[in-house]
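Shown here: run-v2.txt, compact mmCIF, C-alpha atoms.
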```
# COMPACT_ATOMS: atom_id res chain seq x y z
CA MET A 1 131.25 159.10 126.60
CA GLU A 2 132.18 162.68 126.05
CA THR A 3 135.73 163.63 125.43
CA ILE A 4 136.64 166.91 126.97
CA LYS A 5 139.41 168.69 125.19
CA THR A 6 141.88 170.43 127.37
CA LYS A 7 144.02 172.86 125.45
CA SER A 8 147.33 173.08 127.14
CA GLU A 9 150.52 174.93 126.50
CA PRO A 10 153.48 172.67 125.89
CA GLY A 11 155.18 172.15 129.24
CA ALA A 12 152.07 172.80 131.29
CA LYS A 13 150.83 170.11 133.61
CA ARG A 14 147.87 168.28 132.16
CA ILE A 15 144.69 168.08 134.22
CA SER A 16 143.49 164.57 134.83
CA LEU A 17 139.85 163.99 133.97
CA ALA A 18 137.52 161.36 135.32
CA GLY A 19 137.10 158.47 132.94
CA GLU A 20 140.37 159.07 131.12
CA LYS A 21 142.31 156.00 130.20
CA LYS A 22 145.76 155.54 131.55
CA MET A 23 148.13 152.64 131.49
CA LYS A 24 151.53 151.95 132.94
CA LEU A 25 154.41 151.81 130.51
CA LYS A 26 155.08 148.33 131.81
CA GLU A 27 151.58 147.16 130.88
CA LEU A 28 151.77 148.70 127.42
CA ALA A 29 155.13 147.10 126.81
CA GLU A 30 153.80 143.70 127.85
CA GLN A 31 150.59 143.90 125.86
CA LEU A 32 152.22 145.22 122.72
CA GLY A 33 155.38 143.16 122.90
CA TRP A 34 157.99 145.90 123.21
CA GLU A 35 161.61 145.29 124.00
CA LEU A 36 162.98 147.35 126.88
CA LYS A 37 166.38 148.76 125.97
CA THR A 38 167.03 150.37 129.38
CA PRO A 39 166.76 147.45 131.79
CA ASN A 40 167.21 149.18 135.14
CA VAL A 41 164.99 152.16 134.48
CA PRO A 42 161.60 152.08 136.24
CA VAL A 43 158.67 151.60 133.90
CA GLU A 44 155.84 152.28 136.33
CA ALA A 45 154.97 155.68 134.86
CA GLU A 46 151.36 156.09 133.83
CA VAL A 47 150.74 157.09 130.27
CA ARG A 48 147.68 158.92 128.99
CA THR A 49 148.97 160.63 125.89
CA GLY A 50 151.41 160.10 123.10
CA TYR A 51 153.18 162.06 120.41
CA ALA A 52 154.54 160.67 117.18
CA SER A 53 157.12 162.66 115.27
CA ASP A 54 160.63 162.24 113.91
CA LEU A 55 161.41 165.94 113.84
CA LEU A 56 163.02 166.83 117.14
CA SER A 57 162.16 170.52 116.85
CA ASP A 58 158.54 169.51 116.42
CA VAL A 59 158.58 167.36 119.56
CA LEU A 60 160.26 170.18 121.41
CA ALA A 61 157.48 172.53 120.44
CA ASN A 62 154.43 170.28 120.61
CA SER A 63 154.91 167.52 123.15
CA ILE A 64 153.47 167.72 126.66
CA GLU A 65 154.65 166.33 129.97
CA GLY A 66 154.07 162.61 130.25
CA ASP A 67 153.78 161.96 126.52
CA LEU A 68 155.00 158.64 125.24
CA TRP A 69 157.17 159.66 122.28
CA VAL A 70 156.96 157.41 119.23
CA THR A 71 159.90 157.89 116.87
CA ARG A 72 162.56 156.19 114.79
CA GLN A 73 165.29 158.63 115.75
CA THR A 74 168.02 156.90 117.72
CA HIS A 75 170.59 159.58 118.38
CA LEU A 76 171.55 160.81 121.85
CA ASN A 77 169.58 164.00 121.19
CA ILE A 78 166.33 162.11 121.76
CA VAL A 79 167.26 161.74 125.41
CA ALA A 80 167.86 165.48 125.62
CA ILE A 81 164.37 166.09 124.25
CA ALA A 82 162.79 163.57 126.63
CA VAL A 83 164.49 165.23 129.58
CA MET A 84 163.61 168.75 128.47
CA ARG A 85 159.96 167.89 127.90
CA ASP A 86 159.50 165.47 130.81
CA LEU A 87 158.27 162.69 128.55
CA SER A 88 157.28 159.37 130.10
CA GLY A 89 159.34 157.35 127.66
CA ILE A 90 160.51 156.80 124.09
CA LEU A 91 159.25 154.07 121.78
CA LEU A 92 161.46 153.30 118.79
CA VAL A 93 159.64 151.94 115.76
CA ASN A 94 160.53 149.87 112.70
CA GLY A 95 162.95 147.90 114.83
CA ALA A 96 165.26 150.89 115.18
CA GLN A 97 168.12 150.29 117.61
CA PRO A 98 169.14 153.12 119.92
CA GLU A 99 172.80 154.01 119.79
CA PRO A 100 174.96 152.82 122.69
CA ASP A 101 175.47 156.30 124.10
CA THR A 102 171.74 156.94 123.82
CA VAL A 103 171.00 153.92 125.99
CA GLU A 104 173.70 154.86 128.45
CA LYS A 105 172.45 158.42 128.89
CA ALA A 106 168.82 157.31 129.02
CA ALA A 107 169.66 154.95 131.87
CA GLU A 108 171.47 157.73 133.69
CA LYS A 109 168.57 160.14 133.23
CA MET A 110 165.94 157.47 133.93
CA VAL A 111 164.27 157.73 130.54
CA PRO A 112 162.78 154.38 129.49
CA ILE A 113 163.41 153.42 125.87
CA PHE A 114 161.39 150.68 124.21
CA ARG A 115 161.60 149.12 120.81
CA THR A 116 158.96 147.62 118.47
CA PRO A 117 159.31 146.07 115.03
CA LEU A 118 156.06 147.71 113.96
CA PRO A 119 155.89 150.92 111.95
CA THR A 120 154.58 154.16 113.49
CA PHE A 121 151.13 154.11 111.95
CA GLU A 122 150.42 150.61 113.17
CA ILE A 123 151.73 150.97 116.71
CA VAL A 124 150.02 154.32 117.22
CA GLY A 125 146.79 152.73 116.06
CA ARG A 126 147.16 149.98 118.62
CA LEU A 127 148.01 152.46 121.36
CA TYR A 128 144.93 154.44 120.45
CA GLN A 129 142.84 151.29 120.75
CA LEU A 130 144.18 150.87 124.26
CA GLY A 131 143.04 154.38 125.11
CA ILE A 132 146.21 156.38 124.72
CA VAL A 133 145.33 159.61 122.94
CA GLY A 134 147.13 162.36 121.12
CA GLU A 135 144.89 165.23 122.07
CA ARG A 136 146.45 168.15 123.86
CA MET B 1 201.17 135.19 93.02
CA GLN B 2 197.40 134.68 92.96
CA ARG B 3 196.83 138.41 93.40
CA GLU B 4 199.12 139.19 90.46
CA ILE B 5 197.25 136.77 88.28
CA ASP B 6 193.99 138.42 89.32
CA LEU B 7 195.34 141.89 88.60
CA ARG B 8 196.60 140.87 85.21
CA SER B 9 193.39 139.26 84.13
CA GLY B 10 191.46 142.13 85.74
CA GLU B 11 188.51 139.87 86.25
CA LYS B 12 187.44 138.07 89.36
CA PRO B 13 184.83 135.43 88.62
CA ILE B 14 182.25 136.30 91.28
CA LYS B 15 180.64 139.74 91.32
CA VAL B 16 178.57 141.34 94.05
CA VAL B 17 176.75 144.57 93.25
CA ILE B 18 175.18 146.68 95.99
CA GLY B 19 172.57 149.31 95.24
CA MET B 20 173.90 152.70 96.36
CA GLY B 21 171.32 155.09 95.00
CA THR B 22 169.64 157.53 97.37
CA CYS B 23 166.98 155.01 98.40
CA GLY B 24 169.60 152.31 98.90
CA ILE B 25 171.69 154.51 101.13
CA ALA B 26 168.62 155.63 103.06
CA ALA B 27 167.60 152.02 103.59
CA GLY B 28 171.03 151.11 104.97
CA ALA B 29 173.22 150.03 102.06
CA ARG B 30 176.38 151.35 103.62
CA PRO B 31 176.51 148.99 106.61
CA VAL B 32 175.51 146.18 104.23
CA MET B 33 178.50 146.88 102.00
CA ALA B 34 180.77 147.08 105.04
CA ALA B 35 179.43 143.76 106.32
CA ILE B 36 179.87 142.03 102.96
CA LYS B 37 183.45 143.19 102.61
CA ASP B 38 184.21 142.25 106.17
CA GLU B 39 182.69 138.80 105.82
CA LEU B 40 184.53 138.20 102.54
CA SER B 41 187.73 139.04 104.33
CA ARG B 42 186.89 136.71 107.23
CA GLN B 43 186.11 133.92 104.80
CA LYS B 44 189.40 134.68 103.07
CA THR B 45 187.82 134.86 99.62
CA GLU B 46 189.94 136.37 96.87
CA ASN B 47 187.83 135.84 93.78
CA VAL B 48 185.03 138.29 94.45
CA THR B 49 184.57 141.84 93.13
CA VAL B 50 182.32 144.14 95.12
CA THR B 51 180.91 147.17 93.35
CA GLN B 52 177.97 149.53 93.62
CA SER B 53 175.18 150.58 91.33
CA GLY B 54 172.65 153.37 91.27
CA CYS B 55 168.92 153.26 91.80
CA ALA B 56 167.33 150.19 90.21
CA GLY B 57 163.78 151.41 90.59
CA PHE B 58 162.74 148.88 93.27
CA CYS B 59 163.13 151.34 96.10
CA GLU B 60 160.93 149.55 98.61
CA GLN B 61 163.12 146.45 98.37
CA GLU B 62 166.34 148.29 99.15
CA PRO B 63 169.00 147.50 100.21
CA LEU B 64 169.42 145.35 97.12
CA VAL B 65 172.36 143.05 96.51
CA ASP B 66 173.04 141.27 93.21
CA VAL B 67 175.20 138.16 93.13
CA PHE B 68 176.73 136.91 89.89
CA ARG B 69 178.46 133.54 90.01
CA PRO B 70 179.93 132.03 86.85
CA GLY B 71 177.53 129.60 85.24
CA GLU B 72 174.66 130.77 87.45
CA LYS B 73 171.80 133.14 86.83
CA LYS B 74 171.97 136.49 88.59
CA VAL B 75 170.33 136.46 92.00
CA THR B 76 168.96 139.67 93.50
CA TYR B 77 168.50 139.79 97.25
CA GLY B 78 166.13 142.36 98.72
CA LYS B 79 165.79 144.10 102.10
CA VAL B 80 169.29 143.04 103.00
CA ASN B 81 170.77 143.97 106.37
CA PRO B 82 174.29 143.30 107.70
CA GLU B 83 173.18 140.01 109.29
CA LYS B 84 171.59 138.71 106.09
CA ALA B 85 174.54 139.99 104.10
CA ARG B 86 176.94 137.82 106.07
CA ARG B 87 174.77 134.77 105.49
CA ILE B 88 174.63 135.52 101.80
CA VAL B 89 178.42 135.66 101.70
CA ALA B 90 178.88 132.46 103.70
CA ASP B 91 176.08 130.38 102.16
CA HIS B 92 175.82 131.63 98.59
CA ILE B 93 179.06 133.33 97.58
CA VAL B 94 181.35 130.91 99.34
CA GLY B 95 179.09 127.88 99.75
CA GLY B 96 177.30 128.04 96.42
CA ARG B 97 173.78 127.73 97.90
CA VAL B 98 171.31 130.50 97.09
CA VAL B 99 169.64 131.80 100.25
CA ASN B 100 166.08 131.52 98.95
CA GLU B 101 164.35 133.23 101.85
CA PHE B 102 166.15 136.50 101.12
CA VAL B 103 165.76 136.43 97.34
CA PHE B 104 163.82 139.21 95.69
CA ALA B 105 164.31 138.17 92.06
CA GLN B 106 166.20 135.66 89.99
CA GLU B 107 166.86 135.86 86.28
CA MET C 1 173.74 159.48 104.49
CA HIS C 2 173.79 162.68 102.49
CA ILE C 3 177.55 162.75 102.17
CA LEU C 4 177.66 159.23 100.78
CA ASP C 5 174.87 160.13 98.40
CA VAL C 6 176.56 163.29 97.10
CA VAL C 7 179.85 161.48 96.62
CA GLN C 8 178.00 158.85 94.57
CA ASN C 9 177.05 161.72 92.24
CA SER C 10 180.71 162.69 91.94
CA LEU C 11 181.65 159.11 91.12
CA ALA C 12 178.92 158.86 88.52
CA ALA C 13 180.36 162.02 86.97
CA ARG C 14 183.61 160.08 86.55
CA ALA C 15 185.60 162.02 89.13
CA THR C 16 189.09 160.75 89.88
CA LEU C 17 189.53 162.98 92.92
CA VAL C 18 186.82 163.62 95.49
CA GLU C 19 187.50 165.99 98.37
CA VAL C 20 185.22 166.05 101.40
CA ARG C 21 185.81 168.86 103.84
CA ILE C 22 183.85 169.23 107.04
CA ARG C 23 184.21 172.17 109.35
CA GLU C 24 182.58 172.56 112.77
CA ASP C 25 182.75 176.08 114.13
CA LEU C 26 181.52 176.09 117.71
CA GLN C 27 181.70 179.87 118.04
CA LYS C 28 179.56 180.51 114.99
CA ASP C 29 177.38 177.44 115.70
CA LEU C 30 178.09 176.38 112.14
CA LEU C 31 178.56 173.08 110.38
CA ARG C 32 179.93 173.31 106.85
CA ILE C 33 180.11 170.32 104.55
CA GLU C 34 181.84 170.55 101.19
CA VAL C 35 182.13 167.89 98.51
CA LYS C 36 184.38 168.81 95.60
CA ASP C 37 185.08 166.65 92.59
CA ASN C 38 186.91 166.79 89.28
CA GLY C 39 184.17 165.03 87.37
CA ARG C 40 182.52 166.16 84.20
CA GLY C 41 180.56 168.94 85.86
CA ILE C 42 177.04 170.19 85.27
CA PRO C 43 176.18 172.29 82.19
CA GLY C 44 175.51 175.94 83.08
CA GLU C 45 171.72 176.21 82.95
CA LEU C 46 171.20 172.89 84.72
CA THR C 47 173.12 173.87 87.86
CA ARG C 48 170.06 175.60 89.23
CA ARG C 49 167.87 172.59 88.57
CA VAL C 50 169.84 169.87 90.29
CA THR C 51 168.10 170.60 93.57
CA ASP C 52 164.69 170.26 91.98
CA PRO C 53 163.27 166.87 93.02
CA PHE C 54 161.32 166.64 89.78
CA PHE C 55 164.33 167.28 87.62
CA THR C 56 165.29 164.31 85.54
CA SER C 57 167.55 164.17 82.56
CA ARG C 58 168.38 161.20 80.38
CA THR C 59 171.94 162.32 79.97
CA THR C 60 172.59 163.05 83.63
CA ARG C 61 170.69 160.21 85.18
CA GLU C 62 172.81 160.27 88.30
CA VAL C 63 170.94 163.35 89.51
CA GLY C 64 168.28 161.99 91.78
CA LEU C 65 166.77 162.85 95.13
CA GLY C 66 170.16 163.18 96.79
CA LEU C 67 170.68 166.91 96.33
CA PRO C 68 167.05 167.97 96.89
CA LEU C 69 167.06 166.05 100.18
CA PHE C 70 170.41 167.49 101.19
CA LYS C 71 169.15 170.98 100.45
CA GLU C 72 166.02 170.40 102.50
CA ALA C 73 168.09 169.08 105.39
CA ALA C 74 170.28 172.18 105.34
CA GLU C 75 167.36 174.58 105.15
CA ARG C 76 165.62 172.80 107.99
CA CYS C 77 168.63 173.73 110.10
CA ARG C 78 168.65 177.38 109.14
CA GLY C 79 171.29 176.73 106.53
CA HIS C 80 171.51 176.50 102.76
CA LEU C 81 173.04 174.57 99.90
CA GLU C 82 175.27 175.94 97.14
CA VAL C 83 176.11 174.24 93.87
CA GLU C 84 179.10 175.43 91.89
CA SER C 85 180.02 173.67 88.71
CA GLN C 86 182.15 174.06 85.63
CA GLU C 87 181.43 171.72 82.75
CA GLY C 88 184.50 169.62 82.06
CA GLN C 89 186.18 170.65 85.30
CA GLY C 90 184.11 169.52 88.21
CA THR C 91 181.46 170.28 90.78
CA LYS C 92 181.44 171.65 94.29
CA ILE C 93 178.54 171.16 96.69
CA ILE C 94 178.59 173.26 99.85
CA ALA C 95 176.04 172.87 102.63
CA HIS C 96 175.71 174.96 105.77
CA PHE C 97 173.84 173.88 108.89
CA GLN C 98 173.32 175.38 112.29
CA LEU C 99 175.56 173.06 114.30
CA ASP C 100 173.47 172.85 117.46
CA HIS C 101 170.08 172.55 115.80
CA PHE C 102 167.81 169.76 117.06
CA ASP C 103 166.94 168.68 113.55
CA ARG C 104 170.50 168.61 112.32
CA ALA C 105 171.07 164.98 111.50
CA PRO C 106 174.16 163.52 113.16
CA LEU C 107 177.07 162.93 110.79
CA GLY C 108 176.86 159.21 111.37
CA ASP C 109 179.65 156.72 111.09
CA MET C 110 182.09 158.66 108.91
CA GLY C 111 184.61 155.86 109.35
CA GLU C 112 182.28 153.39 107.72
CA THR C 113 181.24 155.87 105.03
CA LEU C 114 184.84 156.55 104.07
CA ALA C 115 185.81 152.89 104.29
CA VAL C 116 183.00 151.93 101.97
CA LEU C 117 183.80 154.73 99.52
CA ILE C 118 187.53 154.18 99.42
CA THR C 119 187.57 150.42 99.26
CA GLY C 120 184.66 150.36 96.85
CA ASN C 121 186.36 152.74 94.43
CA PRO C 122 190.06 151.93 94.56
CA GLU C 123 190.81 153.79 91.31
CA VAL C 124 189.56 157.07 92.78
CA ASP C 125 191.51 159.33 95.10
CA PHE C 126 189.77 160.72 98.16
CA LEU C 127 190.69 163.48 100.53
CA TYR C 128 188.84 163.83 103.82
CA GLU C 129 189.48 166.79 106.04
CA HIS C 130 187.53 167.41 109.24
CA GLU C 131 188.15 170.50 111.32
CA VAL C 132 186.73 171.34 114.73
CA ASP C 133 187.63 174.84 115.95
CA GLY C 134 191.11 174.78 114.50
CA GLN C 135 191.97 171.14 115.17
CA SER C 136 191.89 168.83 112.17
CA TYR C 137 191.93 165.27 111.09
CA ARG C 138 192.92 164.33 107.59
CA LEU C 139 192.76 161.17 105.53
CA GLU C 140 194.18 161.05 102.03
CA THR C 141 194.23 158.05 99.74
CA ARG C 142 197.29 159.40 97.94
CA GLU C 143 199.21 159.13 101.21
CA MET C 144 197.67 155.75 101.93
CA ARG C 145 198.78 154.38 98.58
CA GLU C 146 202.37 155.27 99.38
CA ILE C 147 202.16 153.59 102.76
CA LEU C 148 200.35 150.51 101.49
CA GLY C 149 202.70 149.94 98.59
CA SER C 150 201.65 146.89 96.64
CA VAL C 151 198.59 146.28 98.79
CA GLY C 152 195.63 147.68 96.91
CA LEU C 153 193.06 149.98 98.48
CA ASP C 154 190.47 147.27 97.98
CA ASP C 155 192.34 144.88 100.22
CA PRO C 156 189.97 143.81 103.00
CA SER C 157 192.31 144.90 105.80
CA VAL C 158 192.15 148.45 104.51
CA LEU C 159 188.45 148.72 105.32
CA CYS C 160 189.08 147.99 108.97
CA PHE C 161 192.05 150.34 109.12
CA ILE C 162 190.16 153.27 107.63
CA ARG C 163 187.22 152.83 109.95
CA GLN C 164 189.37 152.75 113.04
CA ASP C 165 191.68 155.55 111.98
CA VAL C 166 188.76 157.84 111.23
CA GLN C 167 186.97 156.99 114.46
CA LYS C 168 190.08 157.63 116.51
CA GLY C 169 191.01 160.78 114.63
CA LEU C 170 187.57 162.33 114.90
CA LYS C 171 187.25 161.46 118.56
CA LYS C 172 190.57 163.17 119.19
CA ILE C 173 189.41 166.46 117.75
CA GLY C 174 186.02 166.26 119.42
CA ALA C 175 184.13 165.97 116.18
CA ALA C 176 180.45 165.39 115.57
CA THR C 177 178.94 166.61 118.80
CA PHE C 178 176.09 168.92 119.69
CA PRO C 179 177.80 171.03 122.34
CA LYS C 180 174.89 173.20 123.49
CA ILE C 181 172.29 170.44 123.32
CA MET C 182 174.54 168.15 125.31
CA GLU C 183 174.56 170.73 128.11
CA VAL C 184 171.00 169.60 128.84
CA LEU C 185 172.28 166.14 129.61
CA LYS C 186 175.00 167.14 132.03
```
Take the structure I supplied and represent it as structure tokens, if you would.
Amino acid sequence: METIKTKSEPGAKRISLAGEKKMKLKELAEQLGWELKTPNVPVEAEVRTGYASDLLSDVLANSIEGDLWVTRQTHLNIVAIAVMRDLSGILLVNGAQPEPDTVEKAAEKMVPIFRTPLPTFEIVGRLYQLGIVGER
Amino acid sequence: MQREIDLRSGEKPIKVVIGMGTCGIAAGARPVMAAIKDELSRQKTENVTVTQSGCAGFCEQEPLVDVFRPGEKKVTYGKVNPEKARRIVADHIVGGRVVNEFVFAQE
Amino acid sequence: MHILDVVQNSLAARATLVEVRIREDLQKDLLRIEVKDNGRGIPGELTRRVTDPFFTSRTTREVGLGLPLFKEAAERCRGHLEVESQEGQGTKIIAHFQLDHFDRAPLGDMGETLAVLITGNPEVDFLYEHEVDGQSYRLETREMREILGSVGLDDPSVLCFIRQDVQKGLKKIGAATFPKIMEVLK
């Protein structure tokens, strides 16, 4: 199967291609055993792409709309980034716990935050196996 | 009266040493130290000295906590977090039973 | 994390007084962190090298990754790190950061940091001063000793007190926020 690369500017809407894999956040969370830290936030969003980085300026510059953001940063600023970049959700790795005000603001802004005990490399590998890609 | 005796002798029998080098701090040594001190206070122990040390060279096992009890060999606990720290205080420091599952090295 | 790390250097240099001064200037979008000690200081030529991650010295083994990482953190936020030292007198580390920078690491639980430092080193005097646009909070062990009287700084109740006092004091002056970034979340 050919993979067609679509070069997109950060912030631009990504074109959906036939045959592309997508999964709901809810399904990913179930399959990979994530803990949902924002209980009343809808997790129906479909995910096709992900971005893994712990440098907020990097995520600001290089993420695209709908990305699942994989990070170990737990400060309130991660919610600001998710809102600014229209990310589908945040996955905290290495068992990192989001700070209380982070969870509170995420709930208010409807940003789902998940948590996994696995390290970045491992969880990204598993996401990739499920068809979630990093190409942009 | 007990405190004065302690101050005079300058020595408390049980010593706890927490690694506070850069890697220790990065791995979370600060909340571990806070938890240990808090738990010691809750358990009302008076015969324990808590100090810090620098980098021991086992950075991937940080936070490291050494426990010296009189008559016992030094026990080094690795990858300690506040939860484990409290158990170490309750079970080992106060209760005298080494928490084997958290041990990294023993002399 | 960095502050605790730098203060550990001061303690290893046998300082008896460590002063931590933090200033948040919202107008200039500046965060300034200063750690000053009266320890043994760094010999002249070595001052330049303490921020070199590959610098090791048998005689000054306390120099580790702390300062190189602190310097990197500052530079990542359009800031810089200065090291001033006088052998036999003491050392001053000054770091500047752009306050509202996305990569500027939050200050963290200063209450816990100070509690751990003070109660873990009862023979050392600490001064903590935190200023946000003219309003300050101050914690001084010299004052605390007077108030506590015969109760030592390593008394367990002191840890709790410090933590709470710092948390309350900093909240009151509006410390440790990212004003412009938080606008996004309004």
field: Point-to-point distance in Å for atom CA of A:Glu35 and atom CA of A:Pro112
entry: 10.7 Å
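The point (179.6, 133.4, 88.7) has these residues within 12 Å of it when only C-alpha atoms are used: Glu11, Lys12, Pro13, Ile14, Lys15, Val16, Asn47, Val48, Thr49, Asp66, Val67, Phe68, Arg69, Pro70, Gly71, Glu72, Lys73, Lys74, Val75, His92, Ile93, Val94 and Gly96 of chain B.
Taking only C-alpha atoms into account, chain B lies nearest to A:Ala96 out of the set A:Glu46, A:Arg115, A:Ala96, A:Arg126.
The space between atom CA of C:Arg104 and atom CA of C:Met1 spans 12.5 Å.
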So that each row is one residue of chain C with an atom at most 8 Å from chain B, can you give its shortest atom pair and the distance in Å to one decimal, using only C-alpha atoms, rows by chain and rising number, as a Markdown table?
```
| residue | atom | partner | partner_atom | distance |
| --- | --- | --- | --- | --- |
| C:Met1 | CA | B:Ile25 | CA | 6.3 |
| C:Leu4 | CA | B:Ile25 | CA | 7.6 |
| C:Asp5 | CA | B:Thr22 | CA | 5.9 |
| C:Gln8 | CA | B:Met20 | CA | 7.6 |
| C:Glu62 | CA | B:Gly54 | CA | 7.5 |
| C:Gly64 | CA | B:Thr22 | CA | 7.3 |
| C:Leu65 | CA | B:Thr22 | CA | 6.4 |
| C:Gly66 | CA | B:Thr22 | CA | 5.7 |
| C:Glu112 | CA | B:Ala34 | CA | 7.0 |
| C:Thr113 | CA | B:Arg30 | CA | 6.8 |
| C:Ala115 | CA | B:Ala34 | CA | 7.7 |
| C:Val116 | CA | B:Ala34 | CA | 6.2 |
| C:Gly120 | CA | B:Thr51 | CA | 6.0 |
| C:Asn121 | CA | B:Thr51 | CA | 7.9 |
| C:Pro156 | CA | B:Ser41 | CA | 5.4 |
| C:Ser157 | CA | B:Ser41 | CA | 7.6 |
| C:Leu159 | CA | B:Asp38 | CA | 7.8 |
```
Output as a Markdown table one row per residue of chain C within 10 Å of chain A: the closest atom pair and its distance in Å to one decimal place, counting only C-alpha atoms, sorted by chain and residue number ascending.
```
| residue | atom | partner | partner_atom | distance |
| --- | --- | --- | --- | --- |
| C:Arg76 | CA | A:Ser57 | CA | 9.8 |
| C:Cys77 | CA | A:Ser57 | CA | 9.9 |
| C:His101 | CA | A:Ser57 | CA | 8.2 |
| C:Phe102 | CA | A:Leu56 | CA | 5.6 |
| C:Asp103 | CA | A:Leu56 | CA | 5.6 |
| C:Arg104 | CA | A:Leu56 | CA | 9.1 |
| C:Ala105 | CA | A:His75 | CA | 8.8 |
| C:Pro106 | CA | A:His75 | CA | 7.5 |
| C:Gly108 | CA | A:His75 | CA | 9.4 |
| C:Thr177 | CA | A:Leu76 | CA | 9.9 |
| C:Phe178 | CA | A:Asn77 | CA | 8.3 |
| C:Ile181 | CA | A:Ala80 | CA | 7.0 |
| C:Met182 | CA | A:Ala80 | CA | 7.2 |
| C:Glu183 | CA | A:Ala80 | CA | 8.9 |
| C:Val184 | CA | A:Ala80 | CA | 6.1 |
| C:Leu185 | CA | A:Ala80 | CA | 6.0 |
| C:Lys186 | CA | A:Lys109 | CA | 9.6 |
```
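Interatomic distance, atom CA of C:Phe126 to atom CA of C:Arg163: 14.4 Å.
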Please provide as a CSV table (one decimal) with C-alpha atoms, keeping the file's coordinate frame all residues within 12 Å of A:Ile123, with the sequence filter that same-chain residues fewer than 2 positions apart are discarded (counting only C-alpha atoms).
```csv
chain,number,residue,atom,x,y,z
A,28,LEU,CA,151.8,148.7,127.4
A,29,ALA,CA,155.1,147.1,126.8
A,31,GLN,CA,150.6,143.9,125.9
A,32,LEU,CA,152.2,145.2,122.7
A,33,GLY,CA,155.4,143.2,122.9
A,34,TRP,CA,158.0,145.9,123.2
A,50,GLY,CA,151.4,160.1,123.1
A,51,TYR,CA,153.2,162.1,120.4
A,52,ALA,CA,154.5,160.7,117.2
A,68,LEU,CA,155.0,158.6,125.2
A,69,TRP,CA,157.2,159.7,122.3
A,70,VAL,CA,157.0,157.4,119.2
A,71,THR,CA,159.9,157.9,116.9
A,91,LEU,CA,159.2,154.1,121.8
A,92,LEU,CA,161.5,153.3,118.8
A,93,VAL,CA,159.6,151.9,115.8
A,94,ASN,CA,160.5,149.9,112.7
A,95,GLY,CA,163.0,147.9,114.8
A,115,ARG,CA,161.6,149.1,120.8
A,116,THR,CA,159.0,147.6,118.5
A,117,PRO,CA,159.3,146.1,115.0
A,118,LEU,CA,156.1,147.7,114.0
A,119,PRO,CA,155.9,150.9,112.0
A,120,THR,CA,154.6,154.2,113.5
A,121,PHE,CA,151.1,154.1,112.0
A,125,GLY,CA,146.8,152.7,116.1
A,126,ARG,CA,147.2,150.0,118.6
A,127,LEU,CA,148.0,152.5,121.4
A,128,TYR,CA,144.9,154.4,120.4
A,129,GLN,CA,142.8,151.3,120.8
A,130,LEU,CA,144.2,150.9,124.3
A,132,ILE,CA,146.2,156.4,124.7
```
query: Which residues come within 10 Å of C:Gly174, counting only C-alpha atoms, excluding same-chain residues fewer than 3 positions away, as JSON, numbers by chain?
result: {"C": [24, 131, 132, 133, 135, 136, 168, 169, 170, 171, 177, 179]}
If I put a ball of radius 9 Å at (172.1, 133.0, 103.7) in the file's coordinates, which residues poke into it when counting only C-alpha atoms, written as a PDB file with C-alpha atoms, in the frame of the given file?
```
ATOM      1  CA  LYS B  84     171.590 138.710 106.090  1.00  0.00           C
ATOM      2  CA  ALA B  85     174.540 139.990 104.100  1.00  0.00           C
ATOM      3  CA  ARG B  86     176.940 137.820 106.070  1.00  0.00           C
ATOM      4  CA  ARG B  87     174.770 134.770 105.490  1.00  0.00           C
ATOM      5  CA  ILE B  88     174.630 135.520 101.800  1.00  0.00           C
ATOM      6  CA  VAL B  89     178.420 135.660 101.700  1.00  0.00           C
ATOM      7  CA  ALA B  90     178.880 132.460 103.700  1.00  0.00           C
ATOM      8  CA  ASP B  91     176.080 130.380 102.160  1.00  0.00           C
ATOM      9  CA  HIS B  92     175.820 131.630  98.590  1.00  0.00           C
ATOM     10  CA  ARG B  97     173.780 127.730  97.900  1.00  0.00           C
ATOM     11  CA  VAL B  98     171.310 130.500  97.090  1.00  0.00           C
ATOM     12  CA  VAL B  99     169.640 131.800 100.250  1.00  0.00           C
ATOM     13  CA  ASN B 100     166.080 131.520  98.950  1.00  0.00           C
ATOM     14  CA  GLU B 101     164.350 133.230 101.850  1.00  0.00           C
ATOM     15  CA  PHE B 102     166.150 136.500 101.120  1.00  0.00           C
TER      16      PHE B 102
END
```
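Excluding C:Ala13 itself and same-chain residues fewer than 4 positions from it, the residues having an atom within 12 Å of it are C:Val6, C:Val7, C:Gln8, C:Asn9, C:Leu17, C:Val18, C:Lys36, C:Asp37, C:Asn38, C:Gly39, C:Arg40, C:Gly41, C:Ile42, C:Thr59, C:Thr60, C:Arg61, C:Glu62, C:Val63, C:Ser85, C:Glu87, C:Gly88, C:Gln89, C:Gly90, C:Thr91, C:Val124, counting all atoms listed in the file.
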Close residues, C:Met144 itself excluded, 12 Å, all atoms listed in the file, min 2 positions apart in chain, as a list in words: Ile118, Thr119, Pro122, Asp125, Phe126, Leu127, Arg138, Leu139, Glu140, Thr141, Arg142, Glu146, Ile147, Leu148, Gly149, Ser150, Val151, Gly152, Leu153, Asp154, Val158, Phe161, Ile162 and Asp165 of chain C
